[in-house]
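work.cif (mmCIF, N, CA and C atoms)
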```cif
data_run
#
loop_
_atom_site.label_atom_id
_atom_site.label_comp_id
_atom_site.auth_asym_id
_atom_site.auth_seq_id
_atom_site.Cartn_x
_atom_site.Cartn_y
_atom_site.Cartn_z
N MET N 1455 14.19 9.17 10.14
CA MET N 1455 14.41 7.92 10.83
C MET N 1455 13.12 7.41 11.47
N ILE N 1456 12.32 8.31 12.05
CA ILE N 1456 11.06 7.89 12.66
C ILE N 1456 10.12 7.35 11.59
N SER N 1457 10.08 8.02 10.43
CA SER N 1457 9.23 7.56 9.33
C SER N 1457 9.62 6.16 8.89
N ARG N 1458 10.92 5.92 8.77
CA ARG N 1458 11.41 4.60 8.36
C ARG N 1458 11.00 3.54 9.38
N ARG N 1459 11.15 3.86 10.66
CA ARG N 1459 10.76 2.92 11.71
C ARG N 1459 9.27 2.61 11.66
N ARG N 1460 8.46 3.65 11.45
CA ARG N 1460 7.02 3.44 11.35
C ARG N 1460 6.66 2.58 10.14
N GLN N 1461 7.31 2.86 9.01
CA GLN N 1461 7.01 2.10 7.80
C GLN N 1461 7.40 0.64 7.97
N TYR N 1462 8.58 0.38 8.49
CA TYR N 1462 9.00 -1.01 8.68
C TYR N 1462 8.23 -1.67 9.82
N GLY N 1463 7.64 -0.88 10.71
CA GLY N 1463 6.78 -1.42 11.75
C GLY N 1463 5.52 -2.06 11.18
N LEU N 1464 5.16 -1.68 9.97
CA LEU N 1464 3.99 -2.28 9.32
C LEU N 1464 4.22 -3.76 9.01
N VAL N 1465 5.48 -4.18 8.93
CA VAL N 1465 5.77 -5.61 8.76
C VAL N 1465 5.22 -6.38 9.96
N ASP N 1466 5.45 -5.85 11.16
CA ASP N 1466 4.91 -6.49 12.36
C ASP N 1466 3.39 -6.50 12.34
N ARG N 1467 2.79 -5.39 11.88
CA ARG N 1467 1.32 -5.31 11.78
C ARG N 1467 0.80 -6.39 10.83
N ALA N 1468 1.45 -6.57 9.70
CA ALA N 1468 1.03 -7.59 8.73
C ALA N 1468 1.13 -8.98 9.36
N LYS N 1469 2.18 -9.23 10.09
CA LYS N 1469 2.34 -10.54 10.72
C LYS N 1469 1.30 -10.75 11.82
N GLN N 1470 0.94 -9.69 12.54
CA GLN N 1470 -0.13 -9.80 13.54
C GLN N 1470 -1.45 -10.16 12.90
N LEU N 1471 -1.66 -9.69 11.68
CA LEU N 1471 -2.90 -9.97 10.95
C LEU N 1471 -2.88 -11.32 10.24
N GLY N 1472 -1.74 -12.03 10.32
CA GLY N 1472 -1.70 -13.39 9.79
C GLY N 1472 -0.88 -13.62 8.54
N TRP N 1473 -0.30 -12.57 7.97
CA TRP N 1473 0.53 -12.76 6.80
C TRP N 1473 1.94 -13.12 7.24
N SER N 1474 2.52 -14.14 6.63
CA SER N 1474 3.87 -14.55 7.01
C SER N 1474 4.91 -14.10 5.99
N ASN N 1475 4.51 -13.94 4.75
CA ASN N 1475 5.42 -13.51 3.69
C ASN N 1475 5.15 -12.04 3.40
N VAL N 1476 6.01 -11.16 3.90
CA VAL N 1476 5.81 -9.73 3.77
C VAL N 1476 6.97 -9.11 3.01
N ASP N 1477 6.66 -8.39 1.93
CA ASP N 1477 7.67 -7.67 1.16
C ASP N 1477 7.49 -6.17 1.41
N VAL N 1478 8.58 -5.45 1.52
CA VAL N 1478 8.55 -4.01 1.74
C VAL N 1478 9.00 -3.31 0.48
N ILE N 1479 8.19 -2.38 0.00
CA ILE N 1479 8.58 -1.51 -1.10
C ILE N 1479 8.87 -0.16 -0.46
N ASP N 1480 10.15 0.16 -0.36
CA ASP N 1480 10.54 1.38 0.36
C ASP N 1480 11.14 2.44 -0.56
N ASP N 1481 10.76 2.42 -1.83
CA ASP N 1481 11.28 3.40 -2.77
C ASP N 1481 10.89 4.83 -2.39
N ASP N 1482 9.81 5.00 -1.63
CA ASP N 1482 9.38 6.34 -1.25
C ASP N 1482 10.29 6.96 -0.19
N LEU N 1483 11.22 6.19 0.36
CA LEU N 1483 12.12 6.72 1.38
C LEU N 1483 13.33 7.43 0.77
N VAL N 1484 13.46 7.37 -0.56
CA VAL N 1484 14.57 8.06 -1.23
C VAL N 1484 14.04 9.32 -1.88
N ALA N 1485 14.94 10.20 -2.24
CA ALA N 1485 14.54 11.53 -2.71
C ALA N 1485 14.17 11.60 -4.18
N ARG N 1486 14.63 10.67 -4.99
CA ARG N 1486 14.41 10.77 -6.44
C ARG N 1486 13.01 10.33 -6.82
N ALA N 1487 12.32 11.18 -7.55
CA ALA N 1487 10.94 10.89 -7.97
C ALA N 1487 10.85 9.65 -8.85
N ALA N 1488 11.87 9.40 -9.65
CA ALA N 1488 11.85 8.21 -10.54
C ALA N 1488 11.79 6.94 -9.71
N ASP N 1489 12.48 6.90 -8.58
CA ASP N 1489 12.45 5.72 -7.72
C ASP N 1489 11.07 5.51 -7.12
N CYS N 1490 10.43 6.62 -6.73
CA CYS N 1490 9.08 6.52 -6.15
C CYS N 1490 8.12 5.95 -7.17
N SER N 1491 8.23 6.42 -8.42
CA SER N 1491 7.35 5.95 -9.47
C SER N 1491 7.56 4.46 -9.74
N SER N 1492 8.81 4.02 -9.76
CA SER N 1492 9.07 2.61 -10.05
C SER N 1492 8.53 1.72 -8.92
N GLY N 1493 8.61 2.18 -7.68
CA GLY N 1493 8.06 1.42 -6.57
C GLY N 1493 6.55 1.29 -6.66
N PHE N 1494 5.89 2.37 -7.04
CA PHE N 1494 4.44 2.35 -7.19
C PHE N 1494 4.04 1.43 -8.34
N GLU N 1495 4.76 1.51 -9.44
CA GLU N 1495 4.46 0.64 -10.58
C GLU N 1495 4.68 -0.83 -10.23
N ARG N 1496 5.72 -1.11 -9.46
CA ARG N 1496 5.98 -2.49 -9.01
C ARG N 1496 4.84 -2.97 -8.11
N LEU N 1497 4.35 -2.09 -7.23
CA LEU N 1497 3.22 -2.44 -6.36
C LEU N 1497 2.00 -2.78 -7.19
N LEU N 1498 1.66 -1.94 -8.17
CA LEU N 1498 0.50 -2.23 -9.02
C LEU N 1498 0.66 -3.54 -9.77
N ALA N 1499 1.88 -3.82 -10.24
CA ALA N 1499 2.12 -5.05 -10.99
C ALA N 1499 1.89 -6.28 -10.12
N ILE N 1500 2.39 -6.29 -8.89
CA ILE N 1500 2.21 -7.48 -8.07
C ILE N 1500 0.77 -7.61 -7.56
N ILE N 1501 0.06 -6.49 -7.45
CA ILE N 1501 -1.37 -6.56 -7.12
C ILE N 1501 -2.11 -7.23 -8.28
N CYS N 1502 -1.83 -6.80 -9.50
CA CYS N 1502 -2.51 -7.36 -10.68
C CYS N 1502 -2.18 -8.82 -10.91
N GLU N 1503 -1.04 -9.26 -10.44
CA GLU N 1503 -0.67 -10.67 -10.55
C GLU N 1503 -1.32 -11.51 -9.45
N ILE N 1504 -2.15 -10.86 -8.64
CA ILE N 1504 -2.87 -11.49 -7.52
C ILE N 1504 -1.89 -12.18 -6.57
N ARG N 1505 -0.79 -11.49 -6.28
CA ARG N 1505 0.21 -12.02 -5.35
C ARG N 1505 0.14 -11.29 -4.01
N VAL N 1506 -0.85 -10.39 -3.85
CA VAL N 1506 -0.91 -9.55 -2.66
C VAL N 1506 -2.27 -9.72 -1.99
N GLY N 1507 -2.25 -10.04 -0.69
CA GLY N 1507 -3.50 -10.14 0.06
C GLY N 1507 -3.89 -8.82 0.68
N ALA N 1508 -2.88 -7.98 0.97
CA ALA N 1508 -3.14 -6.68 1.58
C ALA N 1508 -2.00 -5.73 1.26
N VAL N 1509 -2.34 -4.46 1.16
CA VAL N 1509 -1.37 -3.39 1.00
C VAL N 1509 -1.40 -2.59 2.30
N LEU N 1510 -0.26 -2.49 2.96
CA LEU N 1510 -0.17 -1.76 4.22
C LEU N 1510 0.61 -0.47 4.00
N ALA N 1511 0.12 0.61 4.59
CA ALA N 1511 0.80 1.91 4.48
C ALA N 1511 0.48 2.76 5.69
N ILE N 1512 1.37 3.67 5.99
CA ILE N 1512 1.13 4.60 7.09
C ILE N 1512 0.02 5.57 6.69
N GLU N 1513 0.07 6.04 5.46
CA GLU N 1513 -0.94 6.96 4.94
C GLU N 1513 -0.95 6.85 3.42
N ALA N 1514 -2.01 7.33 2.83
CA ALA N 1514 -2.17 7.19 1.38
C ALA N 1514 -1.03 7.84 0.61
N SER N 1515 -0.49 8.93 1.10
CA SER N 1515 0.58 9.62 0.37
C SER N 1515 1.83 8.76 0.27
N ARG N 1516 1.94 7.73 1.10
CA ARG N 1516 3.08 6.82 1.02
C ARG N 1516 2.95 5.89 -0.19
N LEU N 1517 1.73 5.67 -0.63
CA LEU N 1517 1.51 4.75 -1.75
C LEU N 1517 1.44 5.45 -3.08
N ALA N 1518 0.82 6.60 -3.12
CA ALA N 1518 0.59 7.30 -4.38
C ALA N 1518 0.92 8.77 -4.20
N ARG N 1519 1.52 9.36 -5.20
CA ARG N 1519 1.93 10.76 -5.10
C ARG N 1519 0.86 11.72 -5.58
N ASN N 1520 -0.26 11.20 -6.08
CA ASN N 1520 -1.35 12.08 -6.49
C ASN N 1520 -2.67 11.30 -6.45
N GLY N 1521 -3.77 12.01 -6.56
CA GLY N 1521 -5.09 11.40 -6.47
C GLY N 1521 -5.36 10.37 -7.54
N ARG N 1522 -4.88 10.61 -8.74
CA ARG N 1522 -5.11 9.67 -9.84
C ARG N 1522 -4.47 8.32 -9.51
N ASP N 1523 -3.23 8.34 -9.01
CA ASP N 1523 -2.56 7.10 -8.65
C ASP N 1523 -3.29 6.39 -7.51
N TRP N 1524 -3.74 7.15 -6.52
CA TRP N 1524 -4.46 6.57 -5.38
C TRP N 1524 -5.72 5.86 -5.86
N HIS N 1525 -6.48 6.49 -6.75
CA HIS N 1525 -7.70 5.86 -7.26
C HIS N 1525 -7.40 4.65 -8.13
N THR N 1526 -6.30 4.69 -8.86
CA THR N 1526 -5.87 3.51 -9.62
C THR N 1526 -5.57 2.36 -8.68
N LEU N 1527 -4.85 2.66 -7.60
CA LEU N 1527 -4.53 1.63 -6.61
C LEU N 1527 -5.80 1.03 -6.01
N ILE N 1528 -6.75 1.85 -5.63
CA ILE N 1528 -8.02 1.36 -5.07
C ILE N 1528 -8.75 0.49 -6.08
N GLU N 1529 -8.77 0.94 -7.33
CA GLU N 1529 -9.45 0.17 -8.39
C GLU N 1529 -8.81 -1.21 -8.56
N PHE N 1530 -7.48 -1.25 -8.67
CA PHE N 1530 -6.78 -2.53 -8.84
C PHE N 1530 -6.99 -3.44 -7.63
N CYS N 1531 -6.90 -2.88 -6.43
CA CYS N 1531 -7.12 -3.69 -5.22
C CYS N 1531 -8.53 -4.25 -5.20
N GLY N 1532 -9.50 -3.45 -5.61
CA GLY N 1532 -10.88 -3.92 -5.66
C GLY N 1532 -11.10 -5.04 -6.65
N LEU N 1533 -10.42 -4.98 -7.78
CA LEU N 1533 -10.58 -6.00 -8.81
C LEU N 1533 -10.09 -7.37 -8.35
N VAL N 1534 -9.06 -7.39 -7.51
CA VAL N 1534 -8.47 -8.67 -7.10
C VAL N 1534 -8.67 -8.96 -5.61
N CYS N 1535 -9.56 -8.18 -4.97
CA CYS N 1535 -9.92 -8.39 -3.55
C CYS N 1535 -8.71 -8.26 -2.61
N THR N 1536 -7.89 -7.24 -2.82
CA THR N 1536 -6.76 -6.95 -1.95
C THR N 1536 -7.19 -5.92 -0.91
N LEU N 1537 -6.89 -6.18 0.35
CA LEU N 1537 -7.23 -5.26 1.43
C LEU N 1537 -6.26 -4.10 1.47
N ILE N 1538 -6.70 -2.98 2.04
CA ILE N 1538 -5.85 -1.83 2.29
C ILE N 1538 -5.81 -1.63 3.81
N VAL N 1539 -4.59 -1.61 4.37
CA VAL N 1539 -4.42 -1.60 5.83
C VAL N 1539 -3.48 -0.46 6.21
N ASP N 1540 -3.83 0.25 7.31
CA ASP N 1540 -2.89 1.22 7.86
C ASP N 1540 -2.56 0.80 9.29
N GLU N 1541 -2.03 1.71 10.06
CA GLU N 1541 -1.59 1.35 11.41
C GLU N 1541 -2.74 0.95 12.33
N THR N 1542 -3.95 1.42 12.02
CA THR N 1542 -5.07 1.12 12.92
C THR N 1542 -6.26 0.44 12.26
N ASP N 1543 -6.43 0.58 10.96
CA ASP N 1543 -7.63 0.08 10.29
C ASP N 1543 -7.31 -0.92 9.20
N LEU N 1544 -8.27 -1.80 8.95
CA LEU N 1544 -8.22 -2.77 7.87
C LEU N 1544 -9.44 -2.50 7.01
N ARG N 1545 -9.25 -2.17 5.74
CA ARG N 1545 -10.37 -1.76 4.89
C ARG N 1545 -10.48 -2.64 3.66
N SER N 1546 -11.70 -2.92 3.30
CA SER N 1546 -11.97 -3.58 2.04
C SER N 1546 -11.75 -2.57 0.93
N SER N 1547 -11.29 -3.02 -0.21
CA SER N 1547 -11.14 -2.13 -1.36
C SER N 1547 -12.23 -2.41 -2.38
N HIS N 1548 -13.35 -2.93 -1.91
CA HIS N 1548 -14.50 -3.21 -2.76
C HIS N 1548 -14.96 -1.91 -3.42
N PRO N 1549 -15.33 -1.95 -4.70
CA PRO N 1549 -15.74 -0.73 -5.39
C PRO N 1549 -16.84 0.07 -4.66
N ASN N 1550 -17.72 -0.60 -3.94
CA ASN N 1550 -18.77 0.12 -3.22
C ASN N 1550 -18.24 0.86 -1.99
N ASP N 1551 -17.01 0.60 -1.61
CA ASP N 1551 -16.42 1.27 -0.45
C ASP N 1551 -15.60 2.49 -0.83
N ARG N 1552 -15.63 2.90 -2.06
CA ARG N 1552 -14.78 4.00 -2.52
C ARG N 1552 -14.99 5.28 -1.73
N LEU N 1553 -16.22 5.59 -1.38
CA LEU N 1553 -16.45 6.84 -0.65
C LEU N 1553 -15.79 6.79 0.72
N LEU N 1554 -15.75 5.63 1.32
CA LEU N 1554 -15.09 5.48 2.60
C LEU N 1554 -13.59 5.67 2.48
N LEU N 1555 -13.00 5.19 1.40
CA LEU N 1555 -11.55 5.21 1.24
C LEU N 1555 -11.04 6.50 0.64
N ALA N 1556 -11.85 7.19 -0.14
CA ALA N 1556 -11.38 8.37 -0.87
C ALA N 1556 -11.09 9.54 0.04
#
```

Render the structure in this file as C-alpha cells.
Amino acid sequence: MISRRRQYGLVDRAKQLGWSNVDVIDDDLVARAADCSSGFERLLAIICEIRVGAVLAIEASRLARNGRDWHTLIEFCGLVCTLIVDETDLRSSHPNDRLLLA
C-alpha cells in the first residue's frame, strides 16, 4: 500500500513540474510478470511516439526489470529528449549523461 501511494504520488510531482496530462502505468503493481512486460513495452511505445515529456519513477527497478531494459529506456528517452524524473531529481537522458544515470 505504501508503494502504491508513493507511485501515485509521482502524479503530484509531475504536476508540480508543469505537466498537466499525466498517465500512470501501474502494471508493476501486479504479481504477473507478463503484465509488467506489457507495461514496459507500452511505455517504450509512447516514448517513441514522442508523446512523453518525462518518465517519472520511484526507482529504476520500477521501470525495467533488468539492466538491458533500463539501458533501452535511457536510449529511447535520449533519442526523443524525454526527461527521467524521480522523487527528488530531474535528469536529462542525453546520451552523454549515461554514466550519471547508469

*Expansion of the PyMOL selection byres (((chain N and resi 1500 and name CA) around 12) and name CA) into residues, as a list of chain:residue names*: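 Written out, the selection comes to N:Asp1477, N:Ile1479, N:Gly1493, N:Phe1494, N:Glu1495, N:Arg1496, N:Leu1497, N:Leu1498, N:Ala1499, N:Ile1501, N:Cys1502, N:Glu1503, N:Ile1504, N:Arg1505, N:Val1506, N:Gly1507, N:Ala1508, N:Val1509, N:Leu1527, N:Phe1530, N:Cys1531, N:Val1534, N:Thr1536.
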
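Note that atom C of Glu1529 in chain N and CA of Leu1464 in chain N are 22.0 Å apart.
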
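With only C-alpha atoms as the atoms that count, the residue of N:Glu1513, N:Ser1492, N:Asp1466, N:Ser1474 with the shortest distance to Ile1538 in chain N is N:Glu1513.
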
- Task: Using CA of Trp1524 in chain N and atom N of Arg1545 in chain N as the two end points, give the distance in Å to one decimal.
- Result: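 Interatomic distance here is 14.9 Å.
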
If the PyMOL selection byres ((chain N and resi 1478) around 8) is run on the structure shown, which residues does it catch, given as a PDB file with N, CA and C atoms, keeping the file's coordinate frame?
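Below you can see expr15.pdb, which holds the result:
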```pdb
ATOM      1  N   GLN N1461       7.310   2.860   9.010  1.00  0.00           N
ATOM      2  CA  GLN N1461       7.010   2.100   7.800  1.00  0.00           C
ATOM      3  C   GLN N1461       7.400   0.640   7.970  1.00  0.00           C
ATOM      4  N   TYR N1462       8.580   0.380   8.490  1.00  0.00           N
ATOM      5  CA  TYR N1462       9.000  -1.010   8.680  1.00  0.00           C
ATOM      6  C   TYR N1462       8.230  -1.670   9.820  1.00  0.00           C
ATOM      7  N   VAL N1465       5.480  -4.180   8.930  1.00  0.00           N
ATOM      8  CA  VAL N1465       5.770  -5.610   8.760  1.00  0.00           C
ATOM      9  C   VAL N1465       5.220  -6.380   9.960  1.00  0.00           C
ATOM     10  N   ASN N1475       4.510 -13.940   4.750  1.00  0.00           N
ATOM     11  CA  ASN N1475       5.420 -13.510   3.690  1.00  0.00           C
ATOM     12  C   ASN N1475       5.150 -12.040   3.400  1.00  0.00           C
ATOM     13  N   VAL N1476       6.010 -11.160   3.900  1.00  0.00           N
ATOM     14  CA  VAL N1476       5.810  -9.730   3.770  1.00  0.00           C
ATOM     15  C   VAL N1476       6.970  -9.110   3.010  1.00  0.00           C
ATOM     16  N   ASP N1477       6.660  -8.390   1.930  1.00  0.00           N
ATOM     17  CA  ASP N1477       7.670  -7.670   1.160  1.00  0.00           C
ATOM     18  C   ASP N1477       7.490  -6.170   1.410  1.00  0.00           C
ATOM     19  N   ILE N1479       8.190  -2.380   0.000  1.00  0.00           N
ATOM     20  CA  ILE N1479       8.580  -1.510  -1.100  1.00  0.00           C
ATOM     21  C   ILE N1479       8.870  -0.160  -0.460  1.00  0.00           C
ATOM     22  N   ASP N1480      10.150   0.160  -0.360  1.00  0.00           N
ATOM     23  CA  ASP N1480      10.540   1.380   0.360  1.00  0.00           C
ATOM     24  C   ASP N1480      11.140   2.440  -0.560  1.00  0.00           C
ATOM     25  N   ASP N1481      10.760   2.420  -1.830  1.00  0.00           N
ATOM     26  CA  ASP N1481      11.280   3.400  -2.770  1.00  0.00           C
ATOM     27  C   ASP N1481      10.890   4.830  -2.390  1.00  0.00           C
TER      28      ASP N1481
END
```

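Here atom C of Ala1511 in chain N is placed at a distance of 5.1 Å from atom N of Glu1541 in chain N.
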
Please, can range 1513-1539 of chain N be completed to N, CA, C and O atoms and returned as a tab-separated table (two decimals), in the coordinates of the input?
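Result file follows (rebuild-v5.tsv):
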```
chain	number	residue	atom	x	y	z
N	1513	GLU	N	0.07	6.04	5.46
N	1513	GLU	CA	-0.94	6.96	4.94
N	1513	GLU	C	-0.95	6.85	3.42
N	1513	GLU	O	0.00	6.36	2.82
N	1514	ALA	N	-2.01	7.33	2.83
N	1514	ALA	CA	-2.17	7.19	1.38
N	1514	ALA	C	-1.03	7.84	0.61
N	1514	ALA	O	-0.61	7.33	-0.42
N	1515	SER	N	-0.49	8.93	1.10
N	1515	SER	CA	0.58	9.62	0.37
N	1515	SER	C	1.83	8.76	0.27
N	1515	SER	O	2.71	9.01	-0.55
N	1516	ARG	N	1.94	7.73	1.10
N	1516	ARG	CA	3.08	6.82	1.02
N	1516	ARG	C	2.95	5.89	-0.19
N	1516	ARG	O	3.93	5.37	-0.67
N	1517	LEU	N	1.73	5.67	-0.63
N	1517	LEU	CA	1.51	4.75	-1.75
N	1517	LEU	C	1.44	5.45	-3.08
N	1517	LEU	O	1.92	4.93	-4.08
N	1518	ALA	N	0.82	6.60	-3.12
N	1518	ALA	CA	0.59	7.30	-4.38
N	1518	ALA	C	0.92	8.77	-4.20
N	1518	ALA	O	0.63	9.34	-3.16
N	1519	ARG	N	1.52	9.36	-5.20
N	1519	ARG	CA	1.93	10.76	-5.10
N	1519	ARG	C	0.86	11.72	-5.58
N	1519	ARG	O	1.03	12.92	-5.49
N	1520	ASN	N	-0.26	11.20	-6.08
N	1520	ASN	CA	-1.35	12.08	-6.49
N	1520	ASN	C	-2.67	11.30	-6.45
N	1520	ASN	O	-2.68	10.07	-6.30
N	1521	GLY	N	-3.77	12.01	-6.56
N	1521	GLY	CA	-5.09	11.40	-6.47
N	1521	GLY	C	-5.36	10.37	-7.54
N	1521	GLY	O	-6.00	9.35	-7.30
N	1522	ARG	N	-4.88	10.61	-8.74
N	1522	ARG	CA	-5.11	9.67	-9.84
N	1522	ARG	C	-4.47	8.32	-9.51
N	1522	ARG	O	-5.08	7.26	-9.69
N	1523	ASP	N	-3.23	8.34	-9.01
N	1523	ASP	CA	-2.56	7.10	-8.65
N	1523	ASP	C	-3.29	6.39	-7.51
N	1523	ASP	O	-3.42	5.17	-7.50
N	1524	TRP	N	-3.74	7.15	-6.52
N	1524	TRP	CA	-4.46	6.57	-5.38
N	1524	TRP	C	-5.72	5.86	-5.86
N	1524	TRP	O	-6.02	4.74	-5.46
N	1525	HIS	N	-6.48	6.49	-6.75
N	1525	HIS	CA	-7.70	5.86	-7.26
N	1525	HIS	C	-7.40	4.65	-8.13
N	1525	HIS	O	-8.14	3.67	-8.12
N	1526	THR	N	-6.30	4.69	-8.86
N	1526	THR	CA	-5.87	3.51	-9.62
N	1526	THR	C	-5.57	2.36	-8.68
N	1526	THR	O	-5.97	1.22	-8.91
N	1527	LEU	N	-4.85	2.66	-7.60
N	1527	LEU	CA	-4.53	1.63	-6.61
N	1527	LEU	C	-5.80	1.03	-6.01
N	1527	LEU	O	-5.94	-0.19	-5.93
N	1528	ILE	N	-6.75	1.85	-5.63
N	1528	ILE	CA	-8.02	1.36	-5.07
N	1528	ILE	C	-8.75	0.49	-6.08
N	1528	ILE	O	-9.26	-0.58	-5.74
N	1529	GLU	N	-8.77	0.94	-7.33
N	1529	GLU	CA	-9.45	0.17	-8.39
N	1529	GLU	C	-8.81	-1.21	-8.56
N	1529	GLU	O	-9.49	-2.22	-8.60
N	1530	PHE	N	-7.48	-1.25	-8.67
N	1530	PHE	CA	-6.78	-2.53	-8.84
N	1530	PHE	C	-6.99	-3.44	-7.63
N	1530	PHE	O	-7.23	-4.63	-7.79
N	1531	CYS	N	-6.90	-2.88	-6.43
N	1531	CYS	CA	-7.12	-3.69	-5.22
N	1531	CYS	C	-8.53	-4.25	-5.20
N	1531	CYS	O	-8.75	-5.41	-4.83
N	1532	GLY	N	-9.50	-3.45	-5.61
N	1532	GLY	CA	-10.88	-3.92	-5.66
N	1532	GLY	C	-11.10	-5.04	-6.65
N	1532	GLY	O	-11.85	-5.98	-6.40
N	1533	LEU	N	-10.42	-4.98	-7.78
N	1533	LEU	CA	-10.58	-6.00	-8.81
N	1533	LEU	C	-10.09	-7.37	-8.35
N	1533	LEU	O	-10.63	-8.39	-8.77
N	1534	VAL	N	-9.06	-7.39	-7.51
N	1534	VAL	CA	-8.47	-8.67	-7.10
N	1534	VAL	C	-8.67	-8.96	-5.61
N	1534	VAL	O	-8.02	-9.84	-5.05
N	1535	CYS	N	-9.56	-8.18	-4.97
N	1535	CYS	CA	-9.92	-8.39	-3.55
N	1535	CYS	C	-8.71	-8.26	-2.61
N	1535	CYS	O	-8.51	-9.08	-1.72
N	1536	THR	N	-7.89	-7.24	-2.82
N	1536	THR	CA	-6.76	-6.95	-1.95
N	1536	THR	C	-7.19	-5.92	-0.91
N	1536	THR	O	-7.78	-4.90	-1.25
N	1537	LEU	N	-6.89	-6.18	0.35
N	1537	LEU	CA	-7.23	-5.26	1.43
N	1537	LEU	C	-6.26	-4.10	1.47
N	1537	LEU	O	-5.11	-4.21	1.03
N	1538	ILE	N	-6.70	-2.98	2.04
N	1538	ILE	CA	-5.85	-1.83	2.29
N	1538	ILE	C	-5.81	-1.63	3.81
N	1538	ILE	O	-6.85	-1.52	4.45
N	1539	VAL	N	-4.59	-1.61	4.37
N	1539	VAL	CA	-4.42	-1.60	5.83
N	1539	VAL	C	-3.48	-0.46	6.21
N	1539	VAL	O	-2.48	-0.23	5.54
```
